[in-house]
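To be precise, the following lines are upload.cif, and they hold mmCIF, C-alpha atoms.
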```cif
data_upload
loop_
_atom_site.label_atom_id
_atom_site.label_comp_id
_atom_site.auth_asym_id
_atom_site.auth_seq_id
_atom_site.Cartn_x
_atom_site.Cartn_y
_atom_site.Cartn_z
CA MET A 125 23.71 -67.27 33.63
CA THR A 126 21.25 -64.73 32.24
CA PRO A 127 21.21 -61.53 34.31
CA LYS A 128 17.88 -60.61 35.84
CA ARG A 129 16.08 -57.72 34.22
CA ALA A 130 15.60 -54.70 36.46
CA LEU A 131 12.06 -53.86 37.49
CA GLY A 132 10.37 -51.26 35.30
CA PRO A 133 8.38 -48.29 36.60
CA LEU A 134 5.05 -50.09 36.18
CA GLN A 135 6.33 -53.13 38.04
CA ARG A 136 7.67 -50.88 40.81
CA ARG A 137 4.27 -49.18 41.12
CA PHE A 138 2.46 -52.47 41.51
CA ALA A 139 5.13 -53.72 43.91
CA ALA A 140 4.64 -50.57 45.99
CA GLY A 141 0.88 -51.10 45.94
CA VAL A 142 1.21 -54.73 47.05
CA LEU A 143 3.70 -53.76 49.77
CA LEU A 144 1.34 -51.05 50.97
CA ALA A 145 -1.53 -53.55 51.12
CA PHE A 146 0.59 -55.93 53.19
CA VAL A 147 1.50 -53.06 55.49
CA VAL A 148 -2.18 -52.16 55.95
CA VAL A 149 -3.16 -55.78 56.67
CA GLY A 150 -0.23 -56.15 59.06
CA ALA A 151 -1.17 -52.94 60.82
CA VAL A 152 -4.77 -54.11 61.20
CA VAL A 153 -3.68 -57.45 62.67
CA LEU A 154 -1.24 -55.82 65.04
CA SER A 155 -3.81 -53.23 66.04
CA PHE A 156 -6.41 -55.84 66.96
CA GLY A 157 -3.80 -57.63 68.98
CA ALA A 158 -2.86 -54.38 70.67
CA LEU A 159 -6.52 -53.65 71.48
CA MET A 160 -6.59 -56.70 73.65
CA LEU A 161 -3.56 -55.51 75.60
CA VAL A 162 -4.01 -51.75 75.97
CA PRO A 163 -6.31 -50.05 78.50
CA THR A 164 -9.86 -49.30 77.43
CA ASP A 165 -9.29 -45.51 77.40
CA ASP A 166 -6.62 -45.87 74.70
CA GLU A 167 -8.76 -48.04 72.43
CA VAL A 168 -10.49 -45.06 70.81
CA THR A 169 -7.21 -43.35 70.08
CA LEU A 170 -5.79 -46.50 68.55
CA VAL A 171 -8.86 -47.07 66.37
CA VAL A 172 -8.77 -43.47 65.14
CA ALA A 173 -5.08 -43.76 64.31
CA LEU A 174 -5.71 -47.02 62.53
CA GLY A 175 -8.53 -45.45 60.51
CA VAL A 176 -6.36 -42.48 59.48
CA PHE A 177 -3.56 -44.83 58.48
CA ALA A 178 -5.94 -46.99 56.43
CA LEU A 179 -7.40 -43.91 54.70
CA LEU A 180 -3.93 -42.66 53.77
CA ALA A 181 -3.06 -46.10 52.44
CA VAL A 182 -6.20 -46.17 50.29
CA LEU A 183 -5.49 -42.66 48.92
CA ALA A 184 -1.88 -43.59 48.15
CA SER A 185 -3.00 -46.76 46.34
CA ALA A 186 -5.57 -44.78 44.35
CA LEU A 187 -2.95 -42.26 43.27
CA ILE A 188 -0.63 -45.06 42.16
CA ALA A 189 -3.39 -46.81 40.19
CA ARG A 190 -4.88 -43.64 38.67
CA GLY A 191 -1.84 -42.78 36.54
CA VAL A 192 -1.47 -46.38 35.34
CA LEU A 193 -5.18 -46.68 34.47
CA ARG A 194 -5.16 -43.35 32.65
CA ASP A 195 -2.25 -44.47 30.45
CA VAL A 196 -3.91 -47.85 29.81
CA GLU A 197 -7.09 -46.04 28.76
CA ARG A 198 -5.10 -43.86 26.34
CA VAL A 199 -3.62 -46.97 24.71
CA ARG A 200 -7.05 -48.64 24.61
CA ASP A 201 -8.79 -45.59 23.10
CA GLY A 202 -6.03 -45.13 20.52
CA LEU A 203 -6.20 -48.74 19.35
CA ALA A 204 -9.99 -48.56 19.27
CA ALA A 205 -9.76 -45.51 16.99
CA VAL A 206 -7.39 -47.41 14.69
CA GLY A 207 -9.88 -50.26 14.60
CA LEU A 208 -12.54 -47.79 13.41
CA GLY A 209 -10.35 -46.71 10.49
CA GLU A 210 -8.44 -43.70 11.81
CA ARG A 211 -4.74 -43.60 10.82
CA GLY A 212 -3.60 -40.25 12.21
CA VAL A 213 -3.66 -41.56 15.77
CA MET A 214 -0.72 -40.80 18.08
CA ILE A 215 -0.86 -42.47 21.49
CA GLU A 216 0.85 -40.46 24.24
CA THR A 217 1.29 -41.52 27.87
CA ALA A 218 2.03 -39.41 30.93
CA GLY A 219 4.35 -41.91 32.54
CA GLY A 220 7.24 -43.98 31.34
CA GLY A 221 8.15 -47.61 31.57
CA GLU A 222 6.27 -50.56 30.12
CA ILE A 223 3.08 -48.73 29.14
CA ALA A 224 5.10 -46.02 27.38
CA GLU A 225 6.99 -48.75 25.50
CA LEU A 226 3.65 -50.35 24.59
CA ALA A 227 2.39 -46.98 23.32
CA ASP A 228 5.54 -46.48 21.21
CA GLU A 229 5.18 -49.94 19.68
CA ALA A 230 1.50 -49.24 18.98
CA ASN A 231 2.42 -45.95 17.27
CA GLU A 232 4.98 -47.75 15.10
CA MET A 233 2.37 -50.37 14.22
CA ILE A 234 -0.14 -47.65 13.26
CA ALA A 235 2.47 -45.93 11.06
CA ARG A 236 3.35 -49.21 9.32
CA LEU A 237 -0.33 -49.96 8.82
CA GLY A 238 -0.83 -46.56 7.20
CA GLU A 239 2.15 -47.12 4.90
CA ARG A 240 0.87 -50.54 3.85
CA GLU A 241 -2.57 -49.12 3.11
CA GLU A 242 -1.03 -46.33 1.03
CA GLU A 243 0.97 -48.91 -0.92
CA ARG A 244 -2.17 -50.99 -1.39
CA ASP A 245 -4.13 -47.97 -2.64
CA ALA A 246 -1.32 -47.01 -5.00
CA ALA A 247 -1.15 -50.57 -6.36
CA GLU A 248 -4.91 -50.63 -6.84
CA SER A 249 -4.79 -47.26 -8.63
CA SER A 250 -1.99 -48.54 -10.88
CA ARG A 251 -3.98 -51.68 -11.63
CA ARG A 252 -7.05 -49.67 -12.64
CA HIS A 253 -4.89 -47.37 -14.78
CA LEU A 254 -3.23 -50.37 -16.42
CA VAL A 255 -6.56 -52.02 -17.23
CA ALA A 256 -7.92 -48.78 -18.66
CA ALA A 257 -4.79 -48.16 -20.73
CA VAL A 258 -4.65 -51.71 -22.10
CA SER A 259 -8.37 -51.59 -22.91
CA HIS A 260 -7.89 -48.32 -24.78
CA ASP A 261 -4.87 -49.53 -26.74
CA LEU A 262 -6.61 -52.78 -27.68
CA ARG A 263 -9.95 -51.22 -28.54
CA THR A 264 -8.68 -48.93 -31.33
CA PRO A 265 -6.99 -51.55 -33.57
CA LEU A 266 -9.68 -54.13 -32.81
CA ALA A 267 -12.41 -51.69 -33.87
CA ALA A 268 -10.49 -50.92 -37.07
CA ILE A 269 -10.01 -54.65 -37.84
CA GLN A 270 -13.70 -55.28 -37.20
CA ALA A 271 -14.79 -52.45 -39.50
CA LEU A 272 -12.43 -53.54 -42.29
CA GLY A 273 -13.48 -57.18 -41.92
CA GLU A 274 -17.18 -56.31 -42.10
CA ALA A 275 -16.57 -54.24 -45.22
CA ILE A 276 -14.83 -57.19 -46.90
CA GLU A 277 -17.47 -59.66 -45.70
CA ASP A 278 -20.34 -57.54 -47.02
CA ASP A 279 -18.70 -57.20 -50.47
CA VAL A 280 -18.98 -53.42 -50.41
CA VAL A 281 -15.47 -52.98 -51.84
CA ASP A 282 -13.86 -54.09 -55.08
CA ASP A 283 -10.79 -56.31 -55.37
CA SER A 284 -8.22 -53.48 -55.17
CA GLU A 285 -9.87 -52.00 -52.07
CA ARG A 286 -10.15 -55.48 -50.58
CA ARG A 287 -6.40 -55.96 -50.92
CA ARG A 288 -5.78 -52.55 -49.36
CA TYR A 289 -8.11 -53.37 -46.47
CA LEU A 290 -6.33 -56.67 -45.90
CA ALA A 291 -3.00 -54.84 -45.80
CA LEU A 292 -4.41 -52.40 -43.22
CA MET A 293 -5.75 -55.30 -41.14
CA SER A 294 -2.28 -56.86 -41.23
CA VAL A 295 -0.79 -53.61 -39.90
CA HIS A 296 -3.27 -53.53 -37.01
CA VAL A 297 -2.66 -57.21 -36.21
CA ARG A 298 1.10 -56.63 -36.07
CA ALA A 299 0.55 -53.63 -33.79
CA LEU A 300 -1.59 -55.77 -31.48
CA GLY A 301 1.04 -58.50 -31.49
CA ALA A 302 3.77 -56.00 -30.59
CA LEU A 303 1.66 -54.55 -27.77
CA ILE A 304 0.90 -57.97 -26.31
CA GLU A 305 4.55 -59.02 -26.56
CA ASP A 306 5.64 -55.84 -24.78
CA LEU A 307 3.08 -56.48 -22.04
CA PHE A 308 4.33 -60.02 -21.55
CA GLU A 309 7.96 -58.90 -21.47
CA LEU A 310 7.28 -56.11 -18.96
CA SER A 311 5.31 -58.54 -16.80
CA ARG A 312 8.14 -61.09 -16.84
CA LEU A 313 10.74 -58.45 -16.03
CA GLU A 314 8.79 -56.99 -13.12
CA ALA A 315 8.16 -60.51 -11.77
CA GLY A 316 11.88 -61.28 -11.90
CA ASP A 317 11.35 -64.09 -14.44
CA ILE A 318 14.75 -63.58 -16.04
CA GLU A 319 16.90 -66.23 -17.69
CA TRP A 320 19.65 -64.31 -19.42
CA SER A 321 23.21 -65.21 -20.17
CA MET A 322 25.47 -62.43 -18.91
CA GLN A 323 28.78 -61.63 -20.52
CA GLN A 324 31.21 -58.85 -21.35
CA VAL A 325 29.53 -56.36 -23.69
CA ARG A 326 31.60 -54.11 -25.93
CA LEU A 327 29.55 -50.93 -25.79
CA ASP A 328 31.42 -49.20 -28.61
CA GLU A 329 30.47 -52.03 -30.97
CA LEU A 330 26.93 -52.39 -29.62
CA VAL A 331 26.19 -48.66 -29.89
CA SER A 332 27.65 -48.45 -33.41
CA GLU A 333 25.65 -51.47 -34.60
CA THR A 334 22.40 -50.15 -33.10
CA VAL A 335 22.81 -46.65 -34.51
CA GLU A 336 23.48 -48.02 -38.01
CA ALA A 337 20.32 -50.12 -37.78
CA MET A 338 18.30 -47.01 -36.82
CA ARG A 339 19.91 -44.69 -39.36
CA PRO A 340 17.36 -45.31 -42.19
CA ALA A 341 14.51 -44.26 -39.90
CA ALA A 342 16.48 -41.17 -38.85
CA ASP A 343 17.32 -40.26 -42.47
CA GLU A 344 13.67 -40.58 -43.42
CA ARG A 345 12.80 -37.93 -40.80
CA GLY A 346 15.82 -35.77 -41.59
CA VAL A 347 17.40 -36.37 -38.18
CA LEU A 348 21.16 -36.70 -37.75
CA VAL A 349 22.26 -39.52 -35.44
CA ARG A 350 25.83 -39.59 -34.16
CA THR A 351 27.82 -41.60 -31.65
CA GLU A 352 30.25 -40.28 -29.05
CA VAL A 353 31.75 -43.42 -27.57
CA PRO A 354 35.49 -43.67 -26.85
CA ALA A 355 37.17 -46.48 -28.72
CA GLY A 356 38.11 -49.35 -26.42
CA ILE A 357 35.80 -48.22 -23.59
CA ALA A 358 35.73 -50.79 -20.77
CA PRO A 359 33.12 -53.49 -21.42
CA ALA A 360 29.90 -53.65 -19.42
CA HIS A 361 28.49 -56.72 -17.71
CA GLY A 362 25.19 -57.65 -19.26
CA ASN A 363 23.13 -59.38 -21.89
CA PRO A 364 23.87 -57.84 -25.32
CA GLU A 365 20.42 -58.56 -26.81
CA LYS A 366 18.56 -56.95 -23.91
CA LEU A 367 20.90 -53.96 -23.78
CA GLN A 368 20.43 -53.48 -27.51
CA ARG A 369 16.67 -53.50 -26.88
CA VAL A 370 17.20 -50.62 -24.47
CA LEU A 371 19.25 -48.70 -27.04
CA PHE A 372 16.69 -49.37 -29.78
CA ASN A 373 13.85 -48.06 -27.60
CA LEU A 374 15.71 -44.93 -26.50
CA ILE A 375 17.04 -44.05 -29.96
CA GLN A 376 13.69 -44.73 -31.62
CA ASN A 377 11.95 -42.56 -29.04
CA ALA A 378 14.49 -39.77 -29.55
CA ILE A 379 14.15 -39.87 -33.35
CA ARG A 380 10.36 -39.87 -33.11
CA HIS A 381 10.34 -36.67 -31.04
CA THR A 382 13.08 -34.77 -32.85
CA PRO A 383 12.10 -32.42 -35.70
CA SER A 384 13.76 -32.37 -39.10
CA ASP A 385 17.29 -30.93 -39.06
CA GLY A 386 17.54 -31.96 -35.41
CA SER A 387 20.03 -34.46 -34.02
CA VAL A 388 20.33 -37.43 -31.68
CA ALA A 389 23.58 -38.23 -29.85
CA VAL A 390 24.44 -41.55 -28.23
CA ARG A 391 27.24 -41.27 -25.67
CA ALA A 392 29.02 -43.62 -23.27
CA GLN A 393 31.66 -43.05 -20.62
CA ALA A 394 33.15 -44.93 -17.68
CA ASN A 395 32.28 -43.64 -14.22
CA GLY A 396 34.08 -45.47 -11.44
CA ALA A 397 32.88 -49.07 -11.26
CA ASN A 398 30.07 -48.31 -13.72
CA VAL A 399 29.65 -47.20 -17.29
CA GLU A 400 26.99 -44.63 -18.22
CA VAL A 401 25.19 -44.49 -21.56
CA GLU A 402 23.17 -41.48 -22.68
CA VAL A 403 20.76 -40.83 -25.53
CA ALA A 404 20.18 -37.10 -26.05
CA ASP A 405 17.98 -35.36 -28.63
CA THR A 406 17.23 -31.79 -29.68
CA GLY A 407 13.47 -32.25 -29.66
CA GLU A 408 10.78 -30.52 -27.64
CA GLY A 409 11.95 -32.02 -24.36
CA ILE A 410 9.87 -33.29 -21.47
CA THR A 411 7.93 -30.86 -19.30
CA GLY A 412 8.20 -30.71 -15.51
CA PRO A 413 4.98 -32.54 -14.53
CA ASP A 414 5.84 -35.42 -16.89
CA ARG A 415 9.45 -35.92 -15.83
CA ASP A 416 8.64 -38.10 -12.82
CA ARG A 417 6.25 -40.33 -14.76
CA ILE A 418 7.97 -41.15 -18.04
CA PHE A 419 8.96 -44.62 -16.78
CA VAL A 420 5.39 -45.48 -15.72
CA PRO A 421 3.69 -48.03 -18.03
CA PHE A 422 1.34 -46.48 -20.62
CA PHE A 423 2.26 -42.93 -19.65
CA ARG A 424 2.62 -40.80 -22.78
CA GLY A 425 2.57 -37.28 -21.46
CA GLY A 426 -0.15 -35.06 -20.11
CA GLY A 427 -2.73 -33.14 -22.07
CA GLU A 428 -1.62 -32.39 -25.61
CA ALA A 429 2.05 -33.05 -24.95
CA PRO A 430 3.92 -33.90 -28.17
CA ARG A 431 5.07 -37.21 -26.74
CA THR A 432 1.48 -38.48 -26.68
CA ARG A 433 1.29 -38.68 -30.47
CA SER A 434 2.36 -42.31 -30.88
CA GLY A 435 3.53 -45.39 -29.06
CA ALA A 436 1.87 -47.47 -26.37
CA GLY A 437 3.89 -45.97 -23.53
CA LEU A 438 5.74 -49.23 -22.79
CA GLY A 439 9.15 -48.52 -24.31
CA LEU A 440 10.65 -46.58 -21.40
CA PRO A 441 9.16 -48.84 -18.69
CA ILE A 442 10.71 -51.84 -20.47
CA CYS A 443 14.04 -49.99 -20.62
CA ARG A 444 13.81 -49.30 -16.89
CA ALA A 445 13.00 -52.94 -16.10
CA ILE A 446 15.88 -54.27 -18.23
CA VAL A 447 18.42 -51.84 -16.78
CA GLU A 448 17.32 -52.52 -13.20
CA ALA A 449 17.50 -56.27 -13.86
CA HIS A 450 21.18 -55.65 -14.74
CA GLY A 451 21.67 -53.94 -11.36
CA GLY A 452 21.80 -50.50 -12.97
CA MET A 453 19.74 -47.32 -12.91
CA ILE A 454 18.00 -45.22 -15.56
CA TRP A 455 16.99 -41.61 -15.19
CA LEU A 456 16.19 -38.37 -16.99
CA GLU A 457 19.04 -35.87 -16.95
CA GLU A 458 18.51 -32.13 -16.89
CA ALA A 459 18.83 -30.60 -20.36
CA GLU A 460 18.69 -27.04 -21.66
CA THR A 461 17.17 -28.29 -24.93
CA GLY A 462 15.59 -31.61 -25.82
CA ALA A 463 15.70 -34.67 -23.60
CA ARG A 464 18.60 -36.67 -22.16
CA VAL A 465 17.95 -40.20 -20.92
CA ARG A 466 20.89 -41.83 -19.17
CA PHE A 467 21.41 -45.30 -17.70
CA SER A 468 24.25 -46.94 -15.81
CA LEU A 469 25.62 -50.48 -15.94
CA LYS A 470 28.23 -52.33 -13.96
CA LEU A 471 31.60 -52.76 -15.60
CA ALA A 472 32.58 -56.32 -16.44
CA GLU A 473 35.24 -57.91 -14.26
CA VAL A 474 38.56 -58.16 -16.03
CA THR A 475 39.88 -61.73 -15.98
#
```

Let me see whether you can do it: turn the structure in this file into structure tokens.
Amino acid sequence: MTPKRALGPLQRRFAAGVLLAFVVVGAVVLSFGALMLVPTDDEVTLVVALGVFALLAVLASALIARGVLRDVERVRDGLAAVGLGERGVMIETAGGGEIAELADEANEMIARLGEREEERDAAESSRRHLVAAVSHDLRTPLAAIQALGEAIEDDVVDDSERRRYLALMSVHVRALGALIEDLFELSRLEAGDIEWSMQQVRLDELVSETVEAMRPAADERGVLVRTEVPAGIAPAHGNPEKLQRVLFNLIQNAIRHTPSDGSVAVRAQANGANVEVEVADTGEGITGPDRDRIFVPFFRGGGEAPRTRSGAGLGLPICRAIVEAHGGMIWLEEAETGARVRFSLKLAEVT
């Protein structure tokens, strides 16, 4: 059997008001009955007493109702202000009980509404930024392709120049294709559209293979790339192709922003139930205002920051999405010189 809920303060107030009304009515009935029985000289006294009693009852009822009505008005006015667009509203009541609980729930609702609107505004701002960034990155190669095509079409260049223009157009087309492919991949990752086969990944082999593939680009820039991965490190749980994409992006980014005679180090070490991989360079580093935004799509640094010189600003966001899809984390470590990007992965279960 469900226990009965105790009466709240508001219910007790109304119960007291109802009881008081019954008392007044009962007193009136009894008084009229008494008037018919008492001597005429006492009628005036009885009527006066009855009037005083009724007045006190009315005053007591008014006092009971006043506090309740005042709290109800506070709730009403607060919700009306929210309806007009205000979000800094805090509803406070003088009493406790049910109206105070209603006010607390209304305050929580107002806070949640404000949070949702902030999230909506942030999403809308991100959408506008994304559209502007994509438009900018598409406009430049498309304008170049259009200009080169018009030059070829108008026969204003000879055969050797025509071949050179066609080669330049091919470069721009490949850049557009890479940008669109990156956009599609980032969109799929953020939507959770993932169909990967997961397996044990030997990080020592994966890191070594990736570094060797990137070594020609590093040698061309005069950058030394080295690995610091213990032999036989415990395997990670993941998709080797996607994890190699992360390594490619991070190492390529590090090489791009490291001057000649600089170096890039790729490290890995076990840390509890996870394994952490780090790509560190001796380049110009990442300044304070940019540190919190390097994983935002199309962000390439503020002002004339060196890291704005090339790239569409999708490499690090794709790295973040891939790592998070593996259940890991990626972050920027503090560094005295250069930049250190580190990510964690779960260790594979040993069978």

The PyMOL selection byres ((chain A and resi 388-398) around 6) resolved against shown file, as JSON, numbers by chain: {"A": [349, 350, 351, 352, 353, 387, 399, 400, 401, 402, 403, 404, 405, 469, 470, 471]}

Could you tell me which residues the PyMOL selection byres ((chain A and resi 356) around 10) grabs in this file, written as a ChimeraX atom specification? /A:326-329,353-355,357-359

Output C-alpha atoms for every residue in the selection just made, as a PDB file, in the coordinates of the input.
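Saved to result_3.pdb:
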```pdb
ATOM      1  CA  ARG A 326      31.600 -54.110 -25.930  1.00  0.00           C
ATOM      2  CA  LEU A 327      29.550 -50.930 -25.790  1.00  0.00           C
ATOM      3  CA  ASP A 328      31.420 -49.200 -28.610  1.00  0.00           C
ATOM      4  CA  GLU A 329      30.470 -52.030 -30.970  1.00  0.00           C
ATOM      5  CA  VAL A 353      31.750 -43.420 -27.570  1.00  0.00           C
ATOM      6  CA  PRO A 354      35.490 -43.670 -26.850  1.00  0.00           C
ATOM      7  CA  ALA A 355      37.170 -46.480 -28.720  1.00  0.00           C
ATOM      8  CA  ILE A 357      35.800 -48.220 -23.590  1.00  0.00           C
ATOM      9  CA  ALA A 358      35.730 -50.790 -20.770  1.00  0.00           C
ATOM     10  CA  PRO A 359      33.120 -53.490 -21.420  1.00  0.00           C
TER      11      PRO A 359
END
```

Do you know which residues lie at most 6 Å from (11.1, -44.6, -15.7), with coordinates as in the file and only C-alpha atoms counted, and could you write them as a PyMOL selection string? chain A and resi 418-420+441+444

With distances taken over only C-alpha atoms, the candidate from A:Leu300, A:Thr217, A:Arg312, A:Phe422 nearest Arg251 of chain A is A:Phe422

Can you pull out the residues contacting segment 462-464 of chain A? Cut-off 9 Å, using all atoms listed in the file, and skip same-chain residues under 6 positions away; I want them as a ChimeraX atom specification. /A:378,381-382,402-410,455-456

Written selection (C-alpha atoms) as a PDB file, in the frame of the given file:
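Below is the file that was written, out.pdb:
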```pdb
ATOM      1  CA  ALA A 378      14.490 -39.770 -29.550  1.00  0.00           C
ATOM      2  CA  HIS A 381      10.340 -36.670 -31.040  1.00  0.00           C
ATOM      3  CA  THR A 382      13.080 -34.770 -32.850  1.00  0.00           C
ATOM      4  CA  GLU A 402      23.170 -41.480 -22.680  1.00  0.00           C
ATOM      5  CA  VAL A 403      20.760 -40.830 -25.530  1.00  0.00           C
ATOM      6  CA  ALA A 404      20.180 -37.100 -26.050  1.00  0.00           C
ATOM      7  CA  ASP A 405      17.980 -35.360 -28.630  1.00  0.00           C
ATOM      8  CA  THR A 406      17.230 -31.790 -29.680  1.00  0.00           C
ATOM      9  CA  GLY A 407      13.470 -32.250 -29.660  1.00  0.00           C
ATOM     10  CA  GLU A 408      10.780 -30.520 -27.640  1.00  0.00           C
ATOM     11  CA  GLY A 409      11.950 -32.020 -24.360  1.00  0.00           C
ATOM     12  CA  ILE A 410       9.870 -33.290 -21.470  1.00  0.00           C
ATOM     13  CA  TRP A 455      16.990 -41.610 -15.190  1.00  0.00           C
ATOM     14  CA  LEU A 456      16.190 -38.370 -16.990  1.00  0.00           C
TER      15      LEU A 456
END
```

On this structure, which residues satisfy the PyMOL selection byres ((chain A and resi 254-270) around 12), written as a ChimeraX atom specification? /A:247-253,271-277,289-304,306-307,311,420-424,434-438

Can you tell me how far atom CA of Ser384 of chain A sits from atom CA of Glu457 of chain A, in Å to one decimal? 23.0 Å

Find the residues near Val325 of chain A: any atom within 7 Å, counting all atoms listed in the file, skip ones fewer than 2 places away on the same chain, and give them as an MDAnalysis selection string. chainID A and resid 323 327 359:362 364

All residues 10 Å or closer to Asp343 of chain A, all atoms listed in the file, same chain fewer than 4 positions away omitted, as an MDAnalysis selection string: chainID A and resid 338:339 347:349 379 384:385

Around all listed atoms of segment 197-216 of chain A, padded 3 Å per side, what centre and edge lengths does the axis-aligned box have in Å to one decimal, as lines of an AutoDock Vina configuration file?
```
center_x = -5.8
center_y = -45.3
center_z = 19.6
size_x = 19.4
size_y = 16.0
size_z = 24.3
```

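In this comparison, which uses all atoms listed in the file, the residue of A:Glu239, A:Glu336, A:Glu473, A:Asp414 approaching Ile375 of chain A most closely is A:Glu336.
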
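Picture a line from atom CA of Met453 of chain A to atom CA of Ala315 of chain A; it runs 17.6 Å.
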